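Student: My structure is in input_38.csv, and what it holds is CSV, C-alpha atoms:
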```csv
chain,number,residue,atom,x,y,z
A,1,MET,CA,32.7,-14.0,1.2
A,2,ARG,CA,29.1,-14.8,0.2
A,3,LYS,CA,26.7,-11.9,-0.2
A,4,LYS,CA,23.9,-11.6,2.3
A,5,ARG,CA,20.6,-12.8,1.0
A,6,VAL,CA,17.1,-11.5,1.9
A,7,LEU,CA,14.0,-13.4,0.9
A,8,LEU,CA,10.8,-11.3,0.9
A,9,LEU,CA,7.5,-13.2,1.0
A,10,SER,CA,4.2,-11.6,0.2
A,11,GLU,CA,0.6,-12.4,-1.0
A,12,GLY,CA,-1.5,-10.8,-3.7
A,13,PHE,CA,-4.5,-9.8,-1.5
A,14,GLY,CA,-4.3,-6.2,-2.7
A,15,SER,CA,-1.1,-4.8,-4.3
A,16,GLY,CA,0.2,-3.0,-1.2
A,17,HIS,CA,1.8,-6.1,0.5
A,18,THR,CA,3.9,-6.9,-2.6
A,19,GLN,CA,4.7,-3.3,-3.3
A,20,ALA,CA,6.1,-3.0,0.3
A,21,ALA,CA,8.3,-6.1,-0.3
A,22,TYR,CA,9.7,-4.6,-3.6
A,23,ALA,CA,10.1,-1.2,-1.9
A,24,LEU,CA,12.1,-2.8,0.9
A,25,ALA,CA,14.2,-4.8,-1.5
A,26,SER,CA,15.0,-1.8,-3.6
A,27,GLY,CA,15.9,0.2,-0.4
A,28,LEU,CA,18.2,-2.5,0.8
A,29,ARG,CA,20.0,-2.6,-2.5
A,30,GLU,CA,20.2,1.2,-2.7
A,31,LEU,CA,21.9,1.4,0.7
A,32,CYS,CA,24.0,-1.8,0.3
A,33,PRO,CA,24.4,-3.1,-3.3
A,34,ALA,CA,26.1,-6.2,-1.9
A,35,VAL,CA,22.8,-7.5,-0.5
A,36,GLN,CA,20.9,-9.9,-2.7
A,37,THR,CA,17.1,-9.8,-2.6
A,38,ARG,CA,14.3,-12.0,-3.9
A,39,VAL,CA,10.5,-11.1,-3.8
A,40,ILE,CA,8.0,-13.9,-4.1
A,41,GLU,CA,4.2,-13.9,-3.8
A,42,LEU,CA,4.2,-17.3,-2.2
A,43,GLY,CA,0.7,-18.7,-3.0
A,44,LYS,CA,0.9,-17.6,-6.7
A,45,PHE,CA,4.5,-18.9,-7.0
A,46,LEU,CA,3.8,-22.3,-5.5
A,47,ASN,CA,0.2,-22.8,-6.9
A,48,PRO,CA,-0.2,-20.7,-10.0
A,49,VAL,CA,-3.7,-22.0,-10.6
A,50,VAL,CA,-5.4,-21.9,-7.2
A,51,GLY,CA,-3.5,-18.9,-5.8
A,52,PRO,CA,-4.8,-16.3,-8.2
A,53,TRP,CA,-8.3,-17.8,-8.0
A,54,ILE,CA,-8.3,-17.2,-4.2
A,55,THR,CA,-7.0,-13.7,-4.6
A,56,SER,CA,-9.8,-12.9,-7.2
A,57,ALA,CA,-12.4,-14.3,-4.8
A,58,TYR,CA,-11.1,-12.1,-2.0
A,59,ARG,CA,-11.3,-9.0,-4.3
A,60,LYS,CA,-14.9,-9.8,-5.3
A,61,THR,CA,-15.9,-10.2,-1.6
A,62,VAL,CA,-14.3,-6.9,-0.7
A,63,SER,CA,-16.0,-5.1,-3.6
A,64,LYS,CA,-19.5,-6.6,-3.1
A,65,GLN,CA,-19.7,-7.4,0.6
A,66,PRO,CA,-17.4,-5.0,2.5
A,67,LYS,CA,-19.5,-5.2,5.6
A,68,LEU,CA,-18.9,-8.9,5.8
A,69,VAL,CA,-15.1,-8.3,5.5
A,70,GLY,CA,-15.3,-5.7,8.3
A,71,MET,CA,-17.3,-8.0,10.6
A,72,MET,CA,-14.7,-10.8,10.1
A,73,TYR,CA,-11.9,-8.3,10.7
A,74,ARG,CA,-13.4,-7.1,14.0
A,75,THR,CA,-14.5,-10.5,15.4
A,76,GLN,CA,-11.0,-12.0,14.7
A,77,TYR,CA,-9.1,-8.9,15.7
A,78,HIS,CA,-7.4,-10.3,18.8
A,79,LYS,CA,-6.9,-13.8,17.4
A,80,SER,CA,-3.8,-15.1,15.7
A,81,LEU,CA,-4.0,-17.8,13.1
A,82,ASN,CA,-4.5,-21.1,15.0
A,83,ARG,CA,-2.4,-24.1,14.6
A,84,PHE,CA,-5.0,-26.0,12.5
A,85,THR,CA,-5.2,-23.1,10.0
A,86,GLN,CA,-1.4,-22.9,9.7
A,87,LEU,CA,-1.3,-26.6,9.1
A,88,ALA,CA,-4.0,-26.4,6.4
A,89,LEU,CA,-2.2,-23.6,4.7
A,90,HIS,CA,1.0,-25.5,4.8
A,91,ARG,CA,-0.5,-28.7,3.4
A,92,VAL,CA,-2.8,-27.1,0.7
A,93,PHE,CA,-0.6,-24.3,-0.6
A,94,TYR,CA,2.9,-24.2,0.9
A,95,THR,CA,4.2,-27.8,1.0
A,96,GLN,CA,7.1,-26.6,-1.1
A,97,THR,CA,8.0,-23.6,1.0
A,98,SER,CA,10.7,-25.4,2.9
A,99,GLN,CA,12.3,-26.5,-0.4
A,100,VAL,CA,12.2,-22.9,-1.8
A,101,ILE,CA,14.0,-21.7,1.3
A,102,SER,CA,16.5,-24.5,1.1
A,103,GLN,CA,17.3,-23.6,-2.5
A,104,LEU,CA,17.6,-19.9,-2.0
A,105,LYS,CA,19.5,-20.1,1.4
A,106,PRO,CA,18.4,-16.7,2.7
A,107,ASP,CA,20.2,-15.2,5.7
A,108,LEU,CA,16.9,-13.4,6.6
A,109,ILE,CA,13.2,-13.8,5.7
A,110,VAL,CA,10.9,-10.8,5.7
A,111,CYS,CA,7.1,-11.4,5.3
A,112,THR,CA,4.8,-8.5,4.3
A,113,HIS,CA,1.6,-10.5,4.7
A,114,PRO,CA,0.3,-12.6,7.6
A,115,LEU,CA,-0.1,-15.9,5.6
A,116,PRO,CA,3.5,-16.5,4.6
A,117,SER,CA,4.5,-15.3,8.0
A,118,ALA,CA,2.4,-18.0,9.5
A,119,VAL,CA,3.8,-20.6,7.2
A,120,VAL,CA,7.4,-19.7,7.9
A,121,SER,CA,6.6,-19.6,11.6
A,122,ARG,CA,5.4,-23.2,11.4
A,123,LEU,CA,8.6,-24.1,9.6
A,124,LYS,CA,10.6,-22.5,12.4
A,125,ARG,CA,8.8,-24.6,14.9
A,126,LEU,CA,9.8,-27.6,12.9
A,127,GLY,CA,13.5,-26.7,12.9
A,128,LEU,CA,14.1,-23.9,10.3
A,129,ASP,CA,16.9,-21.8,11.6
A,130,VAL,CA,16.5,-18.5,9.7
A,131,PRO,CA,15.5,-15.2,11.3
A,132,LEU,CA,12.0,-14.1,10.5
A,133,TYR,CA,10.9,-10.4,10.3
A,134,THR,CA,7.3,-9.4,9.7
A,135,LEU,CA,6.6,-6.0,8.1
A,136,ILE,CA,3.1,-4.9,8.9
A,137,THR,CA,1.9,-2.9,5.9
A,138,ASP,CA,-1.0,-1.0,7.5
A,139,TYR,CA,-1.5,1.5,10.4
A,140,ASP,CA,-3.2,-1.2,12.5
A,141,ALA,CA,-2.1,-4.5,14.0
A,142,HIS,CA,-4.6,-7.4,13.5
A,143,GLY,CA,-4.0,-10.5,15.6
A,144,THR,CA,-3.3,-12.6,12.5
A,145,TRP,CA,0.1,-10.9,12.2
A,146,SER,CA,1.3,-12.2,15.5
A,147,SER,CA,3.3,-15.4,16.0
A,148,PRO,CA,5.8,-16.5,18.7
A,149,GLU,CA,8.3,-17.5,16.1
A,150,VAL,CA,8.6,-14.0,14.5
A,151,ASN,CA,12.0,-12.5,15.6
A,152,LYS,CA,11.2,-8.9,14.9
A,153,TYR,CA,8.1,-6.9,13.8
A,154,LEU,CA,8.7,-3.8,11.6
A,155,VAL,CA,5.8,-1.4,12.1
A,156,SER,CA,4.6,1.9,10.8
A,157,THR,CA,4.0,3.9,14.0
A,158,GLY,CA,4.4,3.9,17.8
A,159,LEU,CA,0.6,3.4,18.0
A,160,VAL,CA,0.9,0.1,16.0
A,161,LYS,CA,3.6,-1.0,18.3
A,162,LYS,CA,1.3,-0.5,21.3
A,163,LYS,CA,-1.4,-2.5,19.5
A,164,LEU,CA,1.0,-5.3,18.9
A,165,MET,CA,2.0,-5.3,22.6
A,166,ALA,CA,-1.7,-5.6,23.5
A,167,HIS,CA,-1.6,-8.9,21.5
A,168,GLY,CA,1.2,-10.0,23.9
A,169,ILE,CA,4.2,-9.2,21.7
A,170,SER,CA,7.2,-8.0,23.8
A,171,ASN,CA,8.6,-4.5,23.3
A,172,SER,CA,12.0,-5.9,22.4
A,173,ARG,CA,10.5,-7.7,19.3
A,174,ILE,CA,9.0,-4.6,17.7
A,175,GLU,CA,10.9,-1.9,15.8
A,176,VAL,CA,9.1,1.3,14.5
A,177,THR,CA,10.5,1.7,11.0
A,178,GLY,CA,7.7,3.2,8.9
A,179,ILE,CA,6.4,1.4,5.8
A,180,PRO,CA,9.0,1.4,3.1
A,181,VAL,CA,8.4,3.1,-0.3
A,182,HIS,CA,10.3,2.5,-3.5
A,183,PRO,CA,13.3,4.9,-4.0
A,184,ASN,CA,11.3,6.5,-6.8
A,185,PHE,CA,9.3,8.2,-4.1
A,186,TRP,CA,12.4,9.5,-2.3
A,187,THR,CA,13.0,12.1,-5.0
A,188,THR,CA,11.1,14.9,-6.6
A,189,TYR,CA,10.7,15.2,-10.4
A,190,ASP,CA,10.5,18.4,-12.4
A,191,LYS,CA,6.9,19.3,-12.8
A,192,SER,CA,7.1,21.0,-16.2
A,193,GLU,CA,9.0,18.0,-17.6
A,194,LEU,CA,6.3,15.7,-16.2
A,195,GLN,CA,3.6,17.8,-17.8
A,196,ARG,CA,5.2,17.3,-21.2
A,197,GLN,CA,5.7,13.6,-20.6
A,198,PHE,CA,2.1,13.0,-19.7
A,199,ASP,CA,0.7,15.5,-22.2
A,200,LEU,CA,-0.7,17.8,-19.5
A,201,LEU,CA,-1.4,21.5,-19.4
A,202,PRO,CA,0.0,23.7,-16.6
A,203,LEU,CA,-3.3,23.5,-14.7
A,204,PRO,CA,-4.2,22.2,-11.3
A,205,THR,CA,-4.2,18.4,-11.4
A,206,VAL,CA,-6.0,15.8,-9.4
A,207,LEU,CA,-4.9,12.2,-9.3
A,208,ILE,CA,-7.5,9.5,-8.5
A,209,MET,CA,-6.3,5.9,-7.7
A,210,GLY,CA,-8.0,2.7,-6.7
A,211,GLY,CA,-10.0,1.9,-9.8
A,212,GLY,CA,-8.4,-1.5,-10.2
A,213,TRP,CA,-11.2,-3.1,-8.1
A,214,GLY,CA,-14.0,-1.4,-10.0
A,215,LEU,CA,-14.9,1.0,-7.3
A,216,LEU,CA,-14.6,4.3,-9.2
A,217,SER,CA,-17.6,3.7,-11.4
A,218,ARG,CA,-19.9,3.2,-8.3
A,219,ASN,CA,-19.2,6.6,-6.7
A,220,THR,CA,-21.3,9.5,-8.1
A,221,LEU,CA,-18.9,12.1,-6.7
A,222,PHE,CA,-16.4,11.2,-9.5
A,223,GLU,CA,-18.9,12.3,-12.1
A,224,TYR,CA,-19.7,15.4,-9.9
A,225,MET,CA,-16.0,16.3,-10.1
A,226,THR,CA,-16.1,16.6,-13.9
A,227,ARG,CA,-17.9,19.9,-13.7
A,228,TRP,CA,-14.5,21.5,-13.0
A,229,ARG,CA,-12.9,19.8,-16.0
A,230,ASP,CA,-12.3,23.1,-17.9
A,231,SER,CA,-10.1,24.5,-15.1
A,232,ILE,CA,-8.7,21.4,-13.4
A,233,GLN,CA,-7.1,18.3,-15.0
A,234,ILE,CA,-8.2,14.9,-13.6
A,235,ILE,CA,-6.2,11.7,-14.0
A,236,PHE,CA,-7.9,8.4,-13.2
A,237,CYS,CA,-5.8,5.3,-12.7
A,238,VAL,CA,-7.8,2.1,-13.0
A,239,GLY,CA,-4.9,-0.3,-13.0
A,240,THR,CA,-5.5,-3.6,-14.9
A,241,ASN,CA,-9.3,-3.2,-14.8
A,242,GLN,CA,-9.8,-2.7,-18.5
A,243,LYS,CA,-13.6,-3.1,-18.1
A,244,ALA,CA,-13.7,-0.2,-15.7
A,245,ARG,CA,-11.6,1.9,-18.1
A,246,GLU,CA,-13.9,1.2,-21.1
A,247,SER,CA,-16.9,2.0,-19.0
A,248,MET,CA,-15.5,5.4,-18.0
A,249,LEU,CA,-14.4,6.2,-21.5
A,250,ALA,CA,-18.0,5.4,-22.7
A,251,ASN,CA,-19.3,8.1,-20.3
A,252,GLU,CA,-19.4,11.5,-22.1
A,253,LYS,CA,-18.7,13.2,-18.8
A,254,PHE,CA,-15.2,11.7,-18.8
A,255,ARG,CA,-14.5,12.4,-22.5
A,256,HIS,CA,-12.7,15.7,-22.2
A,257,PRO,CA,-9.1,16.8,-23.1
A,258,ASN,CA,-8.5,17.6,-19.4
A,259,ILE,CA,-9.5,14.1,-18.2
A,260,LYS,CA,-7.3,11.1,-18.7
A,261,VAL,CA,-8.2,7.5,-17.8
A,262,LEU,CA,-5.1,5.4,-17.5
A,263,GLY,CA,-4.6,1.7,-17.2
A,264,PHE,CA,-1.8,0.0,-15.4
A,265,THR,CA,1.3,2.3,-15.0
A,266,ASN,CA,4.6,2.1,-13.2
A,267,GLU,CA,4.8,5.9,-13.1
A,268,ILE,CA,2.8,6.6,-9.9
A,269,SER,CA,5.7,8.5,-8.2
A,270,LYS,CA,5.8,10.9,-11.2
A,271,LEU,CA,2.0,11.2,-11.3
A,272,MET,CA,2.0,12.2,-7.7
A,273,ASP,CA,4.7,14.8,-8.4
A,274,VAL,CA,2.7,16.3,-11.3
A,275,SER,CA,-0.5,16.3,-9.3
A,276,ASP,CA,-1.7,18.7,-6.6
A,277,LEU,CA,-4.3,16.4,-4.9
A,278,LEU,CA,-4.6,12.7,-4.5
A,279,ILE,CA,-8.0,10.9,-4.1
A,280,THR,CA,-7.5,7.3,-3.2
A,281,LYS,CA,-8.7,4.3,-1.2
A,282,PRO,CA,-6.7,4.4,2.0
A,283,GLY,CA,-4.5,1.4,1.5
A,284,GLY,CA,-1.4,1.5,3.8
A,285,MET,CA,1.0,1.5,0.9
A,286,THR,CA,-0.7,4.2,-1.2
A,287,CYS,CA,-1.1,6.4,1.8
A,288,THR,CA,2.5,6.1,2.7
A,289,GLU,CA,3.6,6.9,-0.9
A,290,GLY,CA,1.4,9.9,-0.7
A,291,LEU,CA,2.9,10.9,2.6
A,292,SER,CA,6.4,10.6,1.2
A,293,LYS,CA,5.4,13.0,-1.6
A,294,GLY,CA,3.7,15.4,0.7
A,295,ILE,CA,0.6,15.4,-1.4
A,296,PRO,CA,-2.8,16.2,0.2
A,297,MET,CA,-5.1,13.3,0.2
A,298,LEU,CA,-8.9,12.6,0.2
A,299,PHE,CA,-10.0,9.0,1.1
A,300,TYR,CA,-13.0,7.2,-0.3
A,301,GLU,CA,-14.7,3.9,0.5
A,302,PRO,CA,-12.3,2.4,3.0
A,303,ILE,CA,-12.5,-1.3,3.5
A,304,PRO,CA,-14.0,-1.8,6.9
A,305,GLY,CA,-11.1,-2.8,9.2
A,306,GLN,CA,-7.5,-1.9,8.4
A,307,GLU,CA,-8.4,0.9,5.9
A,308,ASP,CA,-10.6,2.5,8.5
A,309,GLU,CA,-7.6,2.6,10.8
A,310,ASN,CA,-5.4,3.9,8.0
A,311,CYS,CA,-7.9,6.7,7.4
A,312,GLU,CA,-8.1,7.6,11.1
A,313,TYR,CA,-4.3,7.9,11.4
A,314,PHE,CA,-3.8,10.1,8.3
A,315,ILE,CA,-6.8,12.3,9.1
A,316,GLN,CA,-5.9,12.8,12.8
A,317,ASN,CA,-2.3,13.7,11.8
A,318,GLY,CA,-3.5,16.3,9.2
A,319,PHE,CA,-2.4,14.4,6.0
A,320,GLY,CA,-5.9,13.9,4.5
A,321,GLU,CA,-9.7,14.1,4.8
A,322,MET,CA,-12.6,12.0,3.8
A,323,PHE,CA,-13.8,12.3,0.2
A,324,GLN,CA,-17.2,14.2,0.4
A,325,LYS,CA,-19.0,16.7,-1.7
A,326,ASP,CA,-18.0,19.6,0.6
A,327,THR,CA,-14.3,18.6,0.7
A,328,VAL,CA,-14.3,18.3,-3.1
A,329,GLU,CA,-15.7,21.8,-3.5
A,330,ARG,CA,-13.2,23.3,-1.0
A,331,TRP,CA,-10.2,21.6,-2.4
A,332,PHE,CA,-11.0,22.3,-6.0
A,333,SER,CA,-11.4,25.9,-5.1
A,334,LEU,CA,-8.1,25.9,-3.3
A,335,LEU,CA,-6.3,24.3,-6.2
A,336,GLN,CA,-7.2,27.3,-8.4
A,337,LYS,CA,-5.2,29.6,-6.0
A,338,PRO,CA,-1.6,28.6,-6.9
A,339,TYR,CA,0.1,30.2,-3.9
A,340,ALA,CA,-2.3,28.7,-1.4
A,341,ALA,CA,-2.1,25.3,-2.9
A,342,GLY,CA,1.7,25.4,-3.1
A,343,GLN,CA,1.9,26.5,0.5
A,344,THR,CA,-0.4,23.7,1.6
A,345,ARG,CA,2.0,21.2,0.0
A,346,ARG,CA,5.1,22.8,1.5
A,347,ASP,CA,3.5,22.6,4.9
A,348,LEU,CA,2.8,18.9,4.4
A,349,LEU,CA,6.3,18.2,3.3
A,350,THR,CA,7.6,19.9,6.5
A,351,LYS,CA,5.2,17.8,8.6
A,352,ARG,CA,6.2,14.7,6.7
A,353,ASN,CA,9.8,15.2,7.8
A,354,GLN,CA,8.6,15.0,11.4
A,355,TYR,CA,6.7,11.8,10.9
A,356,TYR,CA,8.5,9.8,8.2
A,357,ASP,CA,11.9,8.9,6.9
A,358,PRO,CA,11.8,6.7,3.8
A,359,MET,CA,15.3,5.3,4.6
A,360,GLN,CA,14.4,4.1,8.1
A,361,CYS,CA,13.0,0.7,7.3
A,362,PRO,CA,15.8,-0.6,5.0
A,363,ARG,CA,18.4,1.0,7.3
A,364,ALA,CA,16.9,-0.8,10.3
A,365,VAL,CA,16.9,-4.2,8.4
A,366,LEU,CA,20.5,-3.8,7.5
A,367,GLU,CA,21.4,-2.9,11.0
A,368,MET,CA,19.6,-6.1,12.3
A,369,MET,CA,21.0,-8.3,9.5
A,370,PRO,CA,22.5,-11.4,11.1
```
Show me this structure written as structure tokens.

Tutor:
Amino acid sequence: MRKKRVLLLSEGFGSGHTQAAYALASGLRELCPAVQTRVIELGKFLNPVVGPWITSAYRKTVSKQPKLVGMMYRTQYHKSLNRFTQLALHRVFYTQTSQVISQLKPDLIVCTHPLPSAVVSRLKRLGLDVPLYTLITDYDAHGTWSSPEVNKYLVSTGLVKKKLMAHGISNSRIEVTGIPVHPNFWTTYDKSELQRQFDLLPLPTVLIMGGGWGLLSRNTLFEYMTRWRDSIQIIFCVGTNQKARESMLANEKFRHPNIKVLGFTNEISKLMDVSDLLITKPGGMTCTEGLSKGIPMLFYEPIPGQEDENCEYFIQNGFGEMFQKDTVERWFSLLQKPYAAGQTRRDLLTKRNQYYDPMQCPRAVLEMMP
């Protein structure tokens, strides 16, 4: 009997969409090793020249004109991608999508970004007979996610379900599953071993993420934080942005034994375990990973639109605060009181268990597998 096959399609507009696809794929294999999975960033895969160029242009727009991004997000909030846009996407970038699906013969397609979801939806209107699930990777539901051909929506919270229903999606087509995280985030690593691995002292530790888009160097609060560098360790993760890393290392305020500026790493789950506070842009995936680890979070420079909504959800439910001078001072003081800091994290882990089950999304997909 042939193994079940799941094709997961994403896009590279921010790493969260693809991370969610890989997390779901890993979770499916963890729960059912007989399932075969394949993750593809569709635009990059089918058009390796133009796809990355468009992604780069989007990142520059987000970094330099966030208000424009927010305005476009709000004005198009209740609108799905129209038929003309779907046709243009299909003709320009995804003319080979049907061939890819035909070759891989998936039993189920899961899309973690609206664009491949729109393309597969069009193929379904043209006769493709494969169930399509769409996993929304934020704590909001923009209209571009919606399409009549989607068989099931997988969403983070009941509030997102209500927002989808406001777009005209029926209750029966929506499943509240939470956003999946990689199995590495399901377990807790030994802190003393991690301190040896990352050459850290047994001091309070703060992890800062989101530097890949060059945003860290703009915020003067990061320099302000360095005044605690003798008593608190600070780890900056700047991803693949080597220019940002070199710029920070050239700044004498960041040149200290207790400050580390890291490039790209696959060890984020371990870095969250060895850290006591996470400072991050409020991307849906990073916030969910932080939630799964029960680490307190401070959020900086949300992209107007979906990241504003992510912020609101996590702040309202007590998992984070905005990154401001007074919150930095309060949290850095708290971190130097080991019992109080430890109790804060234990409380967050207890609250996490009420809000989030990392197994729920892959389990739901397996239960709905045709």

Student: Taking all atoms listed in the file into account, which of A:Ile303, A:Leu154, A:Leu115, A:Val100 comes nearest Pro282 in chain A?

Tutor: A:Ile303

Student: Name the closest residue to Asp357 in chain A among the candidates A:Gly283, A:Pro204, A:Gly178, A:Pro131; distances are taken between atoms, counting only C-alpha atoms.

Tutor: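 Counting only C-alpha atoms, the residue closest to Asp357 in chain A is A:Gly178.
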
Student: Out of A:Tyr300, A:Trp228, A:Phe236, A:Phe254, which residue has the shortest atom-to-atom distance to Phe332 in chain A when counting all atoms listed in the file?

Tutor: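 Once distances to Phe332 in chain A are computed over all atoms listed in the file, the minimum belongs to A:Trp228.
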
Student: Counting all atoms listed in the file, which of A:Phe185, A:Pro180, A:Gly12, A:Ser147 gets nearest to Arg125 in chain A?

Tutor: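 Nearest candidate to Arg125 in chain A out of A:Phe185, A:Pro180, A:Gly12, A:Ser147: A:Ser147.
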
Student: Quote the spacing between CA of Leu203 in chain A and CA of Ile232 in chain A in Å to one decimal place.

Tutor: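 One can read the CA of Leu203 in chain A to CA of Ile232 in chain A distance as 5.9 Å.
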
Student: I'd like the contact shell of Thr265 in chain A - 10 Å cut-off, all atoms listed in the file, skipping same-chain residues fewer than 4 positions apart - returned as a ChimeraX atom specification.

Tutor: /A:237-240,271

Student: When you draw a straight line from CA of Met322 in chain A to CA of Glu301 in chain A, how long is it in Å?

Tutor: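 So the answer is 9.0 Å.
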
Student: Pick the closest to Leu28 in chain A from A:Leu164, A:Leu249, A:Leu126, A:Met369: which is it, counting only C-alpha atoms?

Tutor: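 Comparing A:Leu164, A:Leu249, A:Leu126, A:Met369 against Leu28 in chain A, the winner is A:Met369.
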
Student: Between A:Arg345, A:Lys253, A:Arg352, A:Arg122, which has the minimum distance to Ser292 in chain A (counting all atoms listed in the file)?

Tutor: A:Arg352

Student: Can you tell me which residues surround Asn353 in chain A at a distance of at most 10 Å, considering all atoms listed in the file, apart from same-chain residues fewer than 5 positions away, and format the answer as number ranges by chain?

Tutor: A: 291-292, 294, 348, 358

Student: Which residues, written as a PDB file with C-alpha atoms, in the frame of the given file, have at least one atom at most 9 Å from Ala20 in chain A, with all atoms listed in the file counted and residues fewer than 3 positions away on the same chain left out?

Tutor:
```pdb
ATOM      1  CA  SER A  10       4.200 -11.600   0.200  1.00  0.00           C
ATOM      2  CA  SER A  15      -1.100  -4.800  -4.300  1.00  0.00           C
ATOM      3  CA  GLY A  16       0.200  -3.000  -1.200  1.00  0.00           C
ATOM      4  CA  HIS A  17       1.800  -6.100   0.500  1.00  0.00           C
ATOM      5  CA  ALA A  23      10.100  -1.200  -1.900  1.00  0.00           C
ATOM      6  CA  LEU A  24      12.100  -2.800   0.900  1.00  0.00           C
ATOM      7  CA  ALA A  25      14.200  -4.800  -1.500  1.00  0.00           C
ATOM      8  CA  THR A 112       4.800  -8.500   4.300  1.00  0.00           C
ATOM      9  CA  LEU A 135       6.600  -6.000   8.100  1.00  0.00           C
ATOM     10  CA  THR A 137       1.900  -2.900   5.900  1.00  0.00           C
ATOM     11  CA  ILE A 179       6.400   1.400   5.800  1.00  0.00           C
ATOM     12  CA  PRO A 180       9.000   1.400   3.100  1.00  0.00           C
ATOM     13  CA  VAL A 181       8.400   3.100  -0.300  1.00  0.00           C
ATOM     14  CA  HIS A 182      10.300   2.500  -3.500  1.00  0.00           C
ATOM     15  CA  MET A 285       1.000   1.500   0.900  1.00  0.00           C
TER      16      MET A 285
END
```

Student: Please indicate the distance in Å from CA of Ile101 in chain A to CA of Asp129 in chain A, rounded to one decimal place.

Tutor: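 If I compute the distance from CA of Ile101 in chain A to CA of Asp129 in chain A, I get 10.7 Å.
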
Student: Anything within 9 Å of (-11.8, 14.2, -1.3): list those residues as a ChimeraX atom specification, counting all atoms listed in the file and sticking to the file's coordinates.

Tutor: /A:277-280,297-300,320-329,331
